[in-house]
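Here is the file target.cif (mmCIF, C-alpha atoms and all ligand atoms).
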data_my_file
#
loop_
_atom_site.group_PDB
_atom_site.id
_atom_site.type_symbol
_atom_site.label_atom_id
_atom_site.label_comp_id
_atom_site.auth_asym_id
_atom_site.auth_seq_id
_atom_site.Cartn_x
_atom_site.Cartn_y
_atom_site.Cartn_z
ATOM 1 C CA MET A 105 -6.524 12.743 24.794
ATOM 2 C CA SER A 106 -6.568 12.060 21.083
ATOM 3 C CA VAL A 107 -3.460 10.696 19.380
ATOM 4 C CA LEU A 108 -3.782 13.595 16.963
ATOM 5 C CA SER A 109 -3.098 16.035 19.784
ATOM 6 C CA LYS A 110 0.559 14.950 19.916
ATOM 7 C CA PRO A 111 2.908 17.932 19.391
ATOM 8 C CA TYR A 112 4.495 16.506 16.224
ATOM 9 C CA PHE A 113 1.153 16.723 14.472
ATOM 10 C CA HIS A 114 0.958 20.451 15.167
ATOM 11 C CA ASP A 115 4.486 21.844 15.267
ATOM 12 C CA GLU A 116 6.862 21.561 12.332
ATOM 13 C CA ALA A 117 10.100 21.419 14.356
ATOM 14 C CA LYS A 118 8.584 18.698 16.557
ATOM 15 C CA ALA A 119 7.481 16.857 13.403
ATOM 16 C CA PHE A 120 11.081 16.843 12.145
ATOM 17 C CA GLU A 121 12.344 15.566 15.504
ATOM 18 C CA TYR A 122 9.757 12.802 15.473
ATOM 19 C CA LEU A 123 10.488 11.692 11.904
ATOM 20 C CA GLU A 124 14.231 11.728 12.681
ATOM 21 C CA SER A 125 13.687 9.542 15.742
ATOM 22 C CA VAL A 126 11.716 7.037 13.659
ATOM 23 C CA LEU A 127 13.886 6.924 10.537
ATOM 24 C CA TRP A 128 17.293 7.446 12.131
ATOM 25 C CA SER A 129 16.931 5.215 15.181
ATOM 26 C CA GLY A 130 20.127 3.457 14.059
ATOM 27 C CA GLY A 131 22.058 6.687 13.445
ATOM 28 C CA ILE A 132 21.698 9.563 10.997
ATOM 29 C CA VAL A 133 21.954 8.454 7.382
ATOM 30 C CA CYS A 134 23.383 10.894 4.833
ATOM 31 C CA PRO A 135 21.266 10.500 1.687
ATOM 32 C CA HIS A 136 24.118 11.781 -0.499
ATOM 33 C CA CYS A 137 27.061 9.572 0.448
ATOM 34 C CA GLY A 138 25.145 6.948 2.438
ATOM 35 C CA VAL A 139 27.305 7.171 5.556
ATOM 36 C CA VAL A 140 25.465 6.043 8.699
ATOM 37 C CA GLY A 141 26.163 7.649 12.055
ATOM 38 C CA GLY A 142 28.921 9.872 10.633
ATOM 39 C CA ARG A 143 29.728 13.441 11.658
ATOM 40 C CA VAL A 144 26.688 15.611 11.047
ATOM 41 C CA TYR A 145 26.281 19.296 11.825
ATOM 42 C CA GLU A 146 23.000 20.967 12.684
ATOM 43 C CA LEU A 147 22.524 24.105 10.640
ATOM 44 C CA LYS A 148 20.816 26.786 12.638
ATOM 45 C CA GLY A 149 19.899 30.339 11.944
ATOM 46 C CA LYS A 150 16.903 32.516 11.264
ATOM 47 C CA THR A 151 16.775 31.810 7.557
ATOM 48 C CA THR A 152 17.761 28.153 7.750
ATOM 49 C CA ARG A 153 15.117 25.564 6.894
ATOM 50 C CA VAL A 154 13.812 23.429 9.763
ATOM 51 C CA GLY A 155 15.757 20.217 10.260
ATOM 52 C CA LEU A 156 18.614 21.151 7.902
ATOM 53 C CA LYS A 157 21.861 19.258 8.439
ATOM 54 C CA LYS A 158 25.290 19.086 6.850
ATOM 55 C CA CYS A 159 27.215 15.866 6.364
ATOM 56 C CA GLY A 160 30.778 15.994 7.736
ATOM 57 C CA GLU A 161 31.919 13.417 5.203
ATOM 58 C CA CYS A 162 30.626 14.736 1.885
ATOM 59 C CA ARG A 163 29.854 18.309 3.028
ATOM 60 C CA GLN A 164 26.393 18.215 1.473
ATOM 61 C CA GLN A 165 23.172 19.413 3.085
ATOM 62 C CA PHE A 166 20.026 17.400 3.731
ATOM 63 C CA THR A 167 16.986 16.946 5.947
ATOM 64 C CA VAL A 168 15.263 13.768 7.077
ATOM 65 C CA LYS A 169 12.676 14.333 4.305
ATOM 66 C CA VAL A 170 15.136 13.610 1.490
ATOM 67 C CA GLY A 171 14.248 10.387 -0.296
ATOM 68 C CA THR A 172 10.925 9.970 1.483
ATOM 69 C CA VAL A 173 7.315 10.536 0.503
ATOM 70 C CA PHE A 174 7.587 13.952 2.171
ATOM 71 C CA GLU A 175 10.485 15.276 0.118
ATOM 72 C CA HIS A 176 8.714 17.439 -2.412
ATOM 73 C CA GLY A 177 5.575 18.251 -0.474
ATOM 74 C CA ARG A 178 5.134 21.944 0.110
ATOM 75 C CA MET A 179 2.866 21.756 3.135
ATOM 76 C CA PRO A 180 4.303 21.624 6.658
ATOM 77 C CA LEU A 181 5.631 18.218 7.705
ATOM 78 C CA ASN A 182 3.282 18.044 10.700
ATOM 79 C CA LYS A 183 0.256 18.122 8.356
ATOM 80 C CA MET A 184 1.759 15.419 6.161
ATOM 81 C CA LEU A 185 2.332 13.265 9.244
ATOM 82 C CA GLN A 186 -1.329 13.677 10.119
ATOM 83 C CA ALA A 187 -2.288 12.501 6.634
ATOM 84 C CA VAL A 188 -0.106 9.378 6.915
ATOM 85 C CA TYR A 189 -1.568 8.699 10.330
ATOM 86 C CA LEU A 190 -5.138 8.958 9.073
ATOM 87 C CA MET A 191 -4.440 6.805 6.016
ATOM 88 C CA THR A 192 -2.649 4.016 7.846
ATOM 89 C CA CYS A 193 -4.706 3.860 11.012
ATOM 90 C CA SER A 194 -8.262 4.123 9.743
ATOM 91 C CA LYS A 195 -9.275 0.618 8.848
ATOM 92 C CA LYS A 196 -10.984 1.481 5.602
ATOM 93 C CA GLY A 197 -8.891 4.452 4.558
ATOM 94 C CA ILE A 198 -9.827 8.092 4.140
ATOM 95 C CA SER A 199 -10.960 10.042 1.111
ATOM 96 C CA ALA A 200 -9.255 13.139 -0.264
ATOM 97 C CA HIS A 201 -12.374 15.122 0.670
ATOM 98 C CA GLN A 202 -12.109 14.038 4.266
ATOM 99 C CA LEU A 203 -8.363 14.823 4.347
ATOM 100 C CA HIS A 204 -9.069 18.240 2.866
ATOM 101 C CA ARG A 205 -11.570 18.997 5.653
ATOM 102 C CA THR A 206 -9.618 17.425 8.516
ATOM 103 C CA LEU A 207 -6.211 18.914 7.661
ATOM 104 C CA GLU A 208 -7.625 22.238 6.435
ATOM 105 C CA ILE A 209 -5.698 22.045 3.192
ATOM 106 C CA SER A 210 -7.033 22.484 -0.341
ATOM 107 C CA TYR A 211 -8.784 19.542 -1.959
ATOM 108 C CA LYS A 212 -6.146 19.474 -4.684
ATOM 109 C CA ALA A 213 -3.303 19.352 -2.169
ATOM 110 C CA ALA A 214 -5.111 16.603 -0.267
ATOM 111 C CA TRP A 215 -5.634 14.587 -3.457
ATOM 112 C CA PHE A 216 -1.963 14.787 -4.454
ATOM 113 C CA LEU A 217 -0.710 14.033 -0.970
ATOM 114 C CA ALA A 218 -2.987 10.992 -0.641
ATOM 115 C CA HIS A 219 -1.763 9.609 -3.959
ATOM 116 C CA ARG A 220 1.884 10.195 -3.059
ATOM 117 C CA ILE A 221 1.385 8.290 0.172
ATOM 118 C CA ARG A 222 -0.403 5.477 -1.697
ATOM 119 C CA GLU A 223 2.414 5.343 -4.225
ATOM 120 C CA ALA A 224 4.864 4.893 -1.356
ATOM 121 C CA MET A 225 2.695 2.114 0.026
ATOM 122 C CA ARG A 226 3.281 -0.049 -3.039
ATOM 123 C CA SER A 227 5.579 -2.726 -1.804
ATOM 124 C CA GLY A 228 7.277 -3.433 -5.105
ATOM 125 C CA ASP A 229 8.423 -6.696 -3.577
ATOM 126 C CA LEU A 230 9.710 -8.913 -6.343
ATOM 127 C CA ALA A 231 11.046 -11.982 -4.559
ATOM 128 C CA PRO A 232 8.668 -14.956 -4.673
ATOM 129 C CA PHE A 233 6.743 -15.519 -1.448
ATOM 130 C CA GLY A 234 5.230 -18.593 0.195
ATOM 131 C CA GLY A 235 7.387 -21.703 0.173
ATOM 132 C CA GLU A 236 8.335 -24.147 2.934
ATOM 133 C CA GLY A 237 5.254 -26.247 2.308
ATOM 134 C CA GLY A 238 2.894 -23.351 3.019
ATOM 135 C CA VAL A 239 -0.286 -22.343 1.205
ATOM 136 C CA VAL A 240 -0.922 -19.440 -1.150
ATOM 137 C CA GLU A 241 -4.572 -18.737 -1.907
ATOM 138 C CA VAL A 242 -5.295 -17.208 -5.317
ATOM 139 C CA ASP A 243 -8.532 -15.456 -6.235
ATOM 140 C CA GLU A 244 -9.955 -12.580 -8.260
ATOM 141 C CA THR A 245 -12.506 -9.942 -7.475
ATOM 142 C CA PHE A 246 -14.130 -7.202 -9.545
ATOM 143 C CA ILE A 247 -14.264 -3.575 -8.588
ATOM 144 C CA GLY A 248 -15.132 -0.164 -10.020
ATOM 145 C CA ARG A 249 -16.223 0.447 -13.553
ATOM 146 C CA LYS A 250 -14.286 0.280 -16.812
ATOM 147 C CA GLN A 251 -14.509 3.395 -18.902
ATOM 148 C CA GLY A 252 -16.677 3.131 -21.993
ATOM 149 C CA VAL A 253 -17.953 -0.374 -21.262
ATOM 150 C CA ALA A 254 -21.720 -0.671 -20.913
ATOM 151 C CA LYS A 255 -23.093 -2.733 -18.072
ATOM 152 C CA PRO A 256 -23.953 -6.148 -19.497
ATOM 153 C CA ARG A 257 -27.079 -8.095 -18.516
ATOM 154 C CA GLY A 258 -25.018 -10.622 -16.709
ATOM 155 C CA GLY A 259 -21.375 -10.972 -15.779
ATOM 156 C CA GLN A 260 -18.796 -8.432 -14.725
ATOM 157 C CA ARG A 261 -17.319 -7.337 -18.038
ATOM 158 C CA HIS A 262 -17.869 -3.676 -17.103
ATOM 159 C CA MET A 263 -15.775 -3.959 -13.932
ATOM 160 C CA ILE A 264 -12.014 -4.079 -13.311
ATOM 161 C CA PRO A 265 -10.535 -7.389 -12.163
ATOM 162 C CA VAL A 266 -8.074 -7.522 -9.271
ATOM 163 C CA LEU A 267 -6.026 -10.657 -8.637
ATOM 164 C CA SER A 268 -4.857 -11.351 -5.089
ATOM 165 C CA LEU A 269 -2.420 -13.868 -3.690
ATOM 166 C CA VAL A 270 -2.451 -14.431 0.069
ATOM 167 C CA HIS A 271 0.186 -16.475 1.861
ATOM 168 C CA ARG A 272 -1.854 -18.200 4.552
ATOM 169 C CA GLU A 273 0.949 -18.770 7.087
ATOM 170 C CA SER A 274 2.342 -15.215 7.131
ATOM 171 C CA GLY A 275 -0.908 -13.458 6.201
ATOM 172 C CA GLN A 276 0.944 -11.455 3.535
ATOM 173 C CA CYS A 277 -0.976 -10.371 0.464
ATOM 174 C CA ARG A 278 -0.043 -9.237 -3.048
ATOM 175 C CA SER A 279 -2.624 -7.746 -5.357
ATOM 176 C CA PHE A 280 -2.596 -6.866 -9.029
ATOM 177 C CA VAL A 281 -4.973 -4.865 -11.185
ATOM 178 C CA VAL A 282 -5.364 -6.888 -14.400
ATOM 179 C CA ASP A 283 -6.983 -6.342 -17.782
ATOM 180 C CA LYS A 284 -8.912 -9.567 -18.123
ATOM 181 C CA VAL A 285 -9.499 -12.752 -16.204
ATOM 182 C CA THR A 286 -7.735 -15.051 -18.636
ATOM 183 C CA ARG A 287 -5.117 -17.757 -18.315
ATOM 184 C CA ASP A 288 -2.509 -15.661 -20.159
ATOM 185 C CA GLU A 289 -3.037 -12.744 -17.850
ATOM 186 C CA LEU A 290 -3.277 -14.470 -14.453
ATOM 187 C CA VAL A 291 -1.128 -17.609 -14.521
ATOM 188 C CA PRO A 292 2.217 -15.801 -15.160
ATOM 189 C CA ILE A 293 1.590 -13.542 -12.148
ATOM 190 C CA VAL A 294 1.207 -16.597 -9.924
ATOM 191 C CA LEU A 295 4.314 -18.219 -11.420
ATOM 192 C CA GLN A 296 6.397 -15.067 -10.925
ATOM 193 C CA ASN A 297 5.284 -14.379 -7.382
ATOM 194 C CA VAL A 298 4.959 -17.703 -5.621
ATOM 195 C CA ASP A 299 7.772 -19.972 -4.451
ATOM 196 C CA ARG A 300 7.513 -23.470 -5.980
ATOM 197 C CA GLU A 301 7.562 -25.171 -2.552
ATOM 198 C CA THR A 302 3.978 -24.045 -1.972
ATOM 199 C CA TYR A 303 0.463 -25.467 -2.221
ATOM 200 C CA ILE A 304 -1.802 -23.347 -4.404
ATOM 201 C CA MET A 305 -5.505 -23.001 -3.553
ATOM 202 C CA THR A 306 -7.988 -21.582 -6.053
ATOM 203 C CA ASP A 307 -11.662 -21.852 -6.823
ATOM 204 C CA GLU A 308 -12.836 -24.066 -9.671
ATOM 205 C CA SER A 309 -12.199 -21.398 -12.333
ATOM 206 C CA GLY A 310 -11.142 -22.928 -15.635
ATOM 207 C CA VAL A 311 -8.353 -20.354 -15.919
ATOM 208 C CA TYR A 312 -6.186 -22.251 -13.442
ATOM 209 C CA LYS A 313 -7.129 -25.789 -14.460
ATOM 210 C CA GLY A 314 -4.071 -27.987 -14.864
ATOM 211 C CA GLN A 315 -1.668 -25.044 -14.525
ATOM 212 C CA PHE A 316 -0.163 -25.544 -11.091
ATOM 213 C CA ARG A 317 -0.217 -29.203 -10.084
ATOM 214 C CA LYS A 318 3.135 -30.098 -11.619
ATOM 215 C CA LEU A 319 4.933 -26.814 -10.919
ATOM 216 C CA PHE A 320 4.038 -26.474 -7.233
ATOM 217 C CA LEU A 321 3.638 -28.949 -4.368
ATOM 218 C CA GLY A 322 -0.026 -29.253 -5.235
ATOM 219 C CA HIS A 323 -3.178 -27.426 -6.311
ATOM 220 C CA GLY A 324 -6.311 -27.566 -4.169
ATOM 221 C CA VAL A 325 -9.541 -26.548 -5.871
ATOM 222 C CA VAL A 326 -12.584 -25.321 -3.948
ATOM 223 C CA ASN A 327 -15.865 -26.037 -5.662
ATOM 224 C CA HIS A 328 -18.071 -23.084 -4.762
ATOM 225 C CA THR A 329 -20.872 -23.900 -7.158
ATOM 226 C CA ALA A 330 -21.438 -27.271 -5.514
ATOM 227 C CA GLY A 331 -21.883 -25.445 -2.219
ATOM 228 C CA GLU A 332 -18.554 -26.630 -0.943
ATOM 229 C CA TYR A 333 -16.795 -23.949 1.050
ATOM 230 C CA GLY A 334 -13.549 -25.715 1.599
ATOM 231 C CA ARG A 335 -12.599 -29.170 2.760
ATOM 232 C CA GLY A 336 -10.091 -28.867 5.588
ATOM 233 C CA ARG A 337 -6.995 -27.226 4.174
ATOM 234 C CA VAL A 338 -8.587 -26.677 0.775
ATOM 235 C CA HIS A 339 -10.233 -23.282 0.978
ATOM 236 C CA THR A 340 -9.779 -19.699 -0.150
ATOM 237 C CA ASN A 341 -11.328 -18.054 2.906
ATOM 238 C CA THR A 342 -8.253 -15.953 3.700
ATOM 239 C CA VAL A 343 -8.059 -14.241 0.312
ATOM 240 C CA GLU A 344 -11.851 -13.784 0.300
ATOM 241 C CA GLY A 345 -11.566 -12.118 3.713
ATOM 242 C CA SER A 346 -9.024 -9.650 2.327
ATOM 243 C CA PHE A 347 -11.383 -8.851 -0.578
ATOM 244 C CA SER A 348 -14.247 -8.112 1.759
ATOM 245 C CA ILE A 349 -12.173 -5.491 3.637
ATOM 246 C CA PHE A 350 -11.062 -3.990 0.325
ATOM 247 C CA LYS A 351 -14.603 -3.861 -1.071
ATOM 248 C CA ARG A 352 -16.108 -2.338 2.057
ATOM 249 C CA GLY A 353 -13.442 0.378 1.984
ATOM 250 C CA MET A 354 -13.841 1.085 -1.716
ATOM 251 C CA LYS A 355 -17.592 1.361 -1.351
ATOM 252 C CA GLY A 356 -17.609 3.487 1.765
ATOM 253 C CA VAL A 357 -14.714 5.852 1.202
ATOM 254 C CA TYR A 358 -13.620 5.848 -2.395
ATOM 255 C CA GLN A 359 -16.803 6.044 -4.406
ATOM 256 C CA HIS A 360 -15.378 7.644 -7.482
ATOM 257 C CA CYS A 361 -12.190 5.790 -8.159
ATOM 258 C CA SER A 362 -11.145 5.956 -11.766
ATOM 259 C CA GLU A 363 -9.589 2.994 -13.507
ATOM 260 C CA LYS A 364 -6.155 4.530 -13.924
ATOM 261 C CA HIS A 365 -5.744 5.137 -10.190
ATOM 262 C CA LEU A 366 -7.126 1.815 -9.010
ATOM 263 C CA HIS A 367 -3.666 0.245 -8.623
ATOM 264 C CA ARG A 368 -2.823 2.866 -6.011
ATOM 265 C CA TYR A 369 -5.924 2.177 -3.935
ATOM 266 C CA VAL A 370 -5.146 -1.528 -4.224
ATOM 267 C CA ALA A 371 -1.630 -0.788 -2.915
ATOM 268 C CA GLU A 372 -3.060 1.204 -0.015
ATOM 269 C CA PHE A 373 -5.302 -1.661 1.099
ATOM 270 C CA GLU A 374 -2.493 -4.155 0.633
ATOM 271 C CA PHE A 375 -0.192 -2.023 2.795
ATOM 272 C CA ARG A 376 -2.700 -1.862 5.632
ATOM 273 C CA TYR A 377 -3.522 -5.560 5.294
ATOM 274 C CA ASN A 378 0.126 -6.632 5.319
ATOM 275 C CA ASN A 379 0.989 -4.450 8.270
ATOM 276 C CA ARG A 380 -2.038 -5.300 10.391
ATOM 277 C CA HIS A 381 -0.258 -7.710 12.774
ATOM 278 C CA ALA A 382 3.181 -6.113 12.902
ATOM 279 C CA LEU A 383 1.522 -2.868 13.788
ATOM 280 C CA GLY A 384 -0.158 -4.204 16.904
ATOM 281 C CA CYS A 385 -3.007 -2.202 18.332
ATOM 282 C CA ASP A 386 -1.105 0.871 19.524
ATOM 283 C CA ASP A 387 -1.978 3.510 16.970
ATOM 284 C CA SER A 388 1.130 5.627 17.402
ATOM 285 C CA GLN A 389 3.313 2.535 17.051
ATOM 286 C CA ARG A 390 1.392 1.660 13.912
ATOM 287 C CA ALA A 391 2.055 5.103 12.482
ATOM 288 C CA ALA A 392 5.785 4.772 13.228
ATOM 289 C CA VAL A 393 5.979 1.396 11.458
ATOM 290 C CA ALA A 394 4.106 2.874 8.527
ATOM 291 C CA LEU A 395 6.510 5.810 8.371
ATOM 292 C CA LYS A 396 9.454 3.431 8.220
ATOM 293 C CA GLY A 397 7.719 1.460 5.498
ATOM 294 C CA LEU A 398 7.092 4.627 3.516
ATOM 295 C CA SER A 399 10.573 6.016 3.690
ATOM 296 C CA GLY A 400 13.320 5.399 1.243
ATOM 297 C CA LYS A 401 10.922 4.918 -1.623
ATOM 298 C CA ARG A 402 11.607 7.255 -4.490
ATOM 299 C CA LEU A 403 8.348 8.393 -5.890
ATOM 300 C CA THR A 404 7.187 8.594 -9.425
ATOM 301 C CA TYR A 405 5.270 11.588 -10.600
ATOM 302 C CA VAL A 406 1.555 11.429 -9.860
ATOM 303 C CA ARG A 407 -0.660 12.812 -12.593
ATOM 304 C CA ALA A 408 -3.910 14.535 -11.717
ATOM 305 C CA HIS A 409 -7.294 13.022 -12.598
HETATM 306 ZN ZN ZN A 501 27.368 12.567 3.145
#
Written as structure tokens, how would this file's structure read?
Amino acid sequence: MSVLSKPYFHDEAKAFEYLESVLWSGGIVCPHCGVVGGRVYELKGKTTRVGLKKCGECRQQFTVKVGTVFEHGRMPLNKMLQAVYLMTCSKKGISAHQLHRTLEISYKAAWFLAHRIREAMRSGDLAPFGGEGGVVEVDETFIGRKQGVAKPRGGQRHMIPVLSLVHRESGQCRSFVVDKVTRDELVPIVLQNVDRETYIMTDESGVYKGQFRKLFLGHGVVNHTAGEYGRGRVHTNTVEGSFSIFKRGMKGVYQHCSEKHLHRYVAEFEFRYNNRHALGCDDSQRAAVALKGLSGKRLTYVRAH
């Protein structure tokens, strides 16, 4: 039996019950007054919306969708749950075209839904990570195509750089779409995001030369050009591994990704990468963790391409 045959993927009332069980496992939370586990009344009746509740404290009405990625979506919740499932559990992601065919919704609706889910996947984590004598690997990759820039004979000036930081011990990754691979652009991102009690590992790029040794515990430099793929602890294999997953996905699924949406695809890959261990191998458990991760994130407006 396929996971997608579960009732909450096909029945809207069941979808509400499922989302409530995932998001309110510690008691119902009123999104208006914030009370947890307070008196809540079920509103029932022929014309009442599915899942509608009334808070006994502030007397306001709400459903479990309020404040989540699902709040303003017009399609049935069970279809949106299918979309989240497909986006979080397929290793490389899923294109809007595929969502449109699988969920039997319009391409436009699929495109907007996918971008809303991606937007919710952005971690927005601002506290520095690493620390405790651990290692953060720093590297850049190039992806896609800049608009209006001709392909040069050599080099990657026509592509969009993405900077990634991977904390080796926890396997957590942060990625940033950047304008240029320059010291001014990249070094501040590392300084803002990495705890000082960390060893930094980079390749031999001149951009990082002399920037980290004094500020962090140390700076290991891998010399790729000399054919040296890491001496013991000094390597960037973890961050390169994350790039290879990202690149395979971008090539296979998202062939026509425009520059202005790239940060959302980057966020989607980062979300899957960062949740890969916590999620275990049980797909329905993975979807539940993803749903928790996606809730409570107010979404910004997504503009069409
Ligand atoms: Zn309330």
*Separation of CA of His323 (chain A) and CA of Phe246 (chain A), in Å?*
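Taking CA of His323 (chain A) and CA of Phe246 (chain A), their separation equals 23.2 Å.
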_Need to verify the contact set: Glu363 (chain A), 10 Å, all atoms listed in the file, exclusion of same-chain residues closer than 6 positions in sequence. Can you return it as a VMD selection string?_
chain A and resid 247 to 251 263 to 264 281
*asked:* If the limit is 9 Å from any atom of ligand ZN 501 (chain A), counting only C-alpha atoms and all ligand atoms, which residues qualify? Return them as a PyMOL selection string.
replied: chain A and resi 133-140+142-144+158-166
*Name the residues captured by the PyMOL selection byres (((chain A and resi 241) around 8) and not hetatm) when it is applied to the shown file; answer as a PyMOL selection string.*
chain A and resi 239-240+242-243+269-272+304-306+339-340+342-343
*Could you pull the residues within 8 Å of Gly155 (chain A), counting all atoms listed in the file, minus those fewer than 2 positions along the same chain, as number ranges by chain?*
A: 117, 120-121, 146-147, 153, 157, 167-168
_Residues within 9 Å of Tyr377 (chain A), please, as a PyMOL selection string. Count all atoms listed in the file; anything in the same chain fewer than 6 positions from it doesn't count._
chain A and resi 275-277+346+349
For the selection just defined, write its residues with C-alpha atoms to a file, as a CSV table (one decimal), keeping the file's coordinate frame.
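File written: out_11.csv
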chain,number,residue,atom,x,y,z
A,275,GLY,CA,-0.9,-13.5,6.2
A,276,GLN,CA,0.9,-11.5,3.5
A,277,CYS,CA,-1.0,-10.4,0.5
A,346,SER,CA,-9.0,-9.6,2.3
A,349,ILE,CA,-12.2,-5.5,3.6
_For Pro111 (chain A), find every residue with an atom within 10 Å (counting all atoms listed in the file), except residues of its own chain fewer than 5 positions away, and show them as a ChimeraX atom specification._
/A:116-119,122,182
Selected residues, C-alpha atoms, written as a compact mmCIF listing (two decimals), in the coordinates of the input, please.
# COMPACT_ATOMS: atom_id res chain seq x y z
CA GLU A 116 6.86 21.56 12.33
CA ALA A 117 10.10 21.42 14.36
CA LYS A 118 8.58 18.70 16.56
CA ALA A 119 7.48 16.86 13.40
CA TYR A 122 9.76 12.80 15.47
CA ASN A 182 3.28 18.04 10.70
_Between A:Arg226, A:Lys396, A:Arg205, A:His328, which residue has the minimum interatomic distance to Val370 (chain A), considering only C-alpha atoms?_
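Ranking A:Arg226, A:Lys396, A:Arg205, A:His328 by distance to Val370 (chain A), first place goes to A:Arg226.
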*Atomic separation - CA of Tyr358 (chain A) relative to CA of Pro256 (chain A), Å*: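 Separation between CA of Pro256 (chain A) and CA of Tyr358 (chain A): 23.3 Å.
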*Å distance separating CA of Gln260 (chain A) from CA of Lys313 (chain A), one decimal place*: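 Computed distance, CA of Gln260 (chain A) to CA of Lys313 (chain A), equals 20.9 Å.
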*Check the smallest atom-to-atom distance from each of A:Tyr303, A:Phe216, A:Phe233, A:Tyr369 to Val338 (chain A) using all atoms listed in the file, then report the winner.*
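Closest to Val338 (chain A) of all the choices is A:Tyr303.
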Mind filling out region 364-377 of chain A with N, CA, C and O atoms and sending it as a PDB file, in the frame of the given file?
ATOM      1  N   LYS A 364      -7.613   4.358 -13.873  1.00  0.00           N
ATOM      2  CA  LYS A 364      -6.155   4.530 -13.924  1.00  0.00           C
ATOM      3  C   LYS A 364      -5.513   4.716 -12.553  1.00  0.00           C
ATOM      4  O   LYS A 364      -4.305   4.621 -12.423  1.00  0.00           O
ATOM      5  N   HIS A 365      -6.313   5.004 -11.533  1.00  0.00           N
ATOM      6  CA  HIS A 365      -5.744   5.137 -10.190  1.00  0.00           C
ATOM      7  C   HIS A 365      -5.999   3.927  -9.324  1.00  0.00           C
ATOM      8  O   HIS A 365      -5.541   3.877  -8.180  1.00  0.00           O
ATOM      9  N   LEU A 366      -6.738   2.954  -9.846  1.00  0.00           N
ATOM     10  CA  LEU A 366      -7.126   1.815  -9.010  1.00  0.00           C
ATOM     11  C   LEU A 366      -5.929   1.101  -8.391  1.00  0.00           C
ATOM     12  O   LEU A 366      -5.970   0.694  -7.241  1.00  0.00           O
ATOM     13  N   HIS A 367      -4.826   0.970  -9.157  1.00  0.00           N
ATOM     14  CA  HIS A 367      -3.666   0.245  -8.623  1.00  0.00           C
ATOM     15  C   HIS A 367      -3.136   0.900  -7.348  1.00  0.00           C
ATOM     16  O   HIS A 367      -2.596   0.233  -6.484  1.00  0.00           O
ATOM     17  N   ARG A 368      -3.312   2.202  -7.217  1.00  0.00           N
ATOM     18  CA  ARG A 368      -2.823   2.866  -6.011  1.00  0.00           C
ATOM     19  C   ARG A 368      -3.710   2.576  -4.806  1.00  0.00           C
ATOM     20  O   ARG A 368      -3.228   2.405  -3.702  1.00  0.00           O
ATOM     21  N   TYR A 369      -5.027   2.529  -5.039  1.00  0.00           N
ATOM     22  CA  TYR A 369      -5.924   2.177  -3.935  1.00  0.00           C
ATOM     23  C   TYR A 369      -5.685   0.731  -3.518  1.00  0.00           C
ATOM     24  O   TYR A 369      -5.709   0.403  -2.340  1.00  0.00           O
ATOM     25  N   VAL A 370      -5.447  -0.129  -4.509  1.00  0.00           N
ATOM     26  CA  VAL A 370      -5.146  -1.528  -4.224  1.00  0.00           C
ATOM     27  C   VAL A 370      -3.886  -1.606  -3.349  1.00  0.00           C
ATOM     28  O   VAL A 370      -3.837  -2.336  -2.366  1.00  0.00           O
ATOM     29  N   ALA A 371      -2.876  -0.807  -3.697  1.00  0.00           N
ATOM     30  CA  ALA A 371      -1.630  -0.788  -2.915  1.00  0.00           C
ATOM     31  C   ALA A 371      -1.877  -0.315  -1.487  1.00  0.00           C
ATOM     32  O   ALA A 371      -1.292  -0.827  -0.535  1.00  0.00           O
ATOM     33  N   GLU A 372      -2.763   0.672  -1.344  1.00  0.00           N
ATOM     34  CA  GLU A 372      -3.060   1.204  -0.015  1.00  0.00           C
ATOM     35  C   GLU A 372      -3.696   0.133   0.873  1.00  0.00           C
ATOM     36  O   GLU A 372      -3.294  -0.057   2.031  1.00  0.00           O
ATOM     37  N   PHE A 373      -4.658  -0.596   0.317  1.00  0.00           N
ATOM     38  CA  PHE A 373      -5.302  -1.661   1.099  1.00  0.00           C
ATOM     39  C   PHE A 373      -4.318  -2.779   1.411  1.00  0.00           C
ATOM     40  O   PHE A 373      -4.315  -3.330   2.504  1.00  0.00           O
ATOM     41  N   GLU A 374      -3.493  -3.106   0.435  1.00  0.00           N
ATOM     42  CA  GLU A 374      -2.493  -4.155   0.633  1.00  0.00           C
ATOM     43  C   GLU A 374      -1.533  -3.777   1.760  1.00  0.00           C
ATOM     44  O   GLU A 374      -1.191  -4.592   2.609  1.00  0.00           O
ATOM     45  N   PHE A 375      -1.112  -2.514   1.763  1.00  0.00           N
ATOM     46  CA  PHE A 375      -0.192  -2.023   2.795  1.00  0.00           C
ATOM     47  C   PHE A 375      -0.812  -2.183   4.186  1.00  0.00           C
ATOM     48  O   PHE A 375      -0.185  -2.709   5.099  1.00  0.00           O
ATOM     49  N   ARG A 376      -2.049  -1.743   4.320  1.00  0.00           N
ATOM     50  CA  ARG A 376      -2.700  -1.862   5.632  1.00  0.00           C
ATOM     51  C   ARG A 376      -2.889  -3.322   6.021  1.00  0.00           C
ATOM     52  O   ARG A 376      -2.664  -3.700   7.160  1.00  0.00           O
ATOM     53  N   TYR A 377      -3.293  -4.132   5.029  1.00  0.00           N
ATOM     54  CA  TYR A 377      -3.522  -5.560   5.294  1.00  0.00           C
ATOM     55  C   TYR A 377      -2.219  -6.235   5.728  1.00  0.00           C
ATOM     56  O   TYR A 377      -2.180  -6.957   6.717  1.00  0.00           O
TER      57      TYR A 377
END
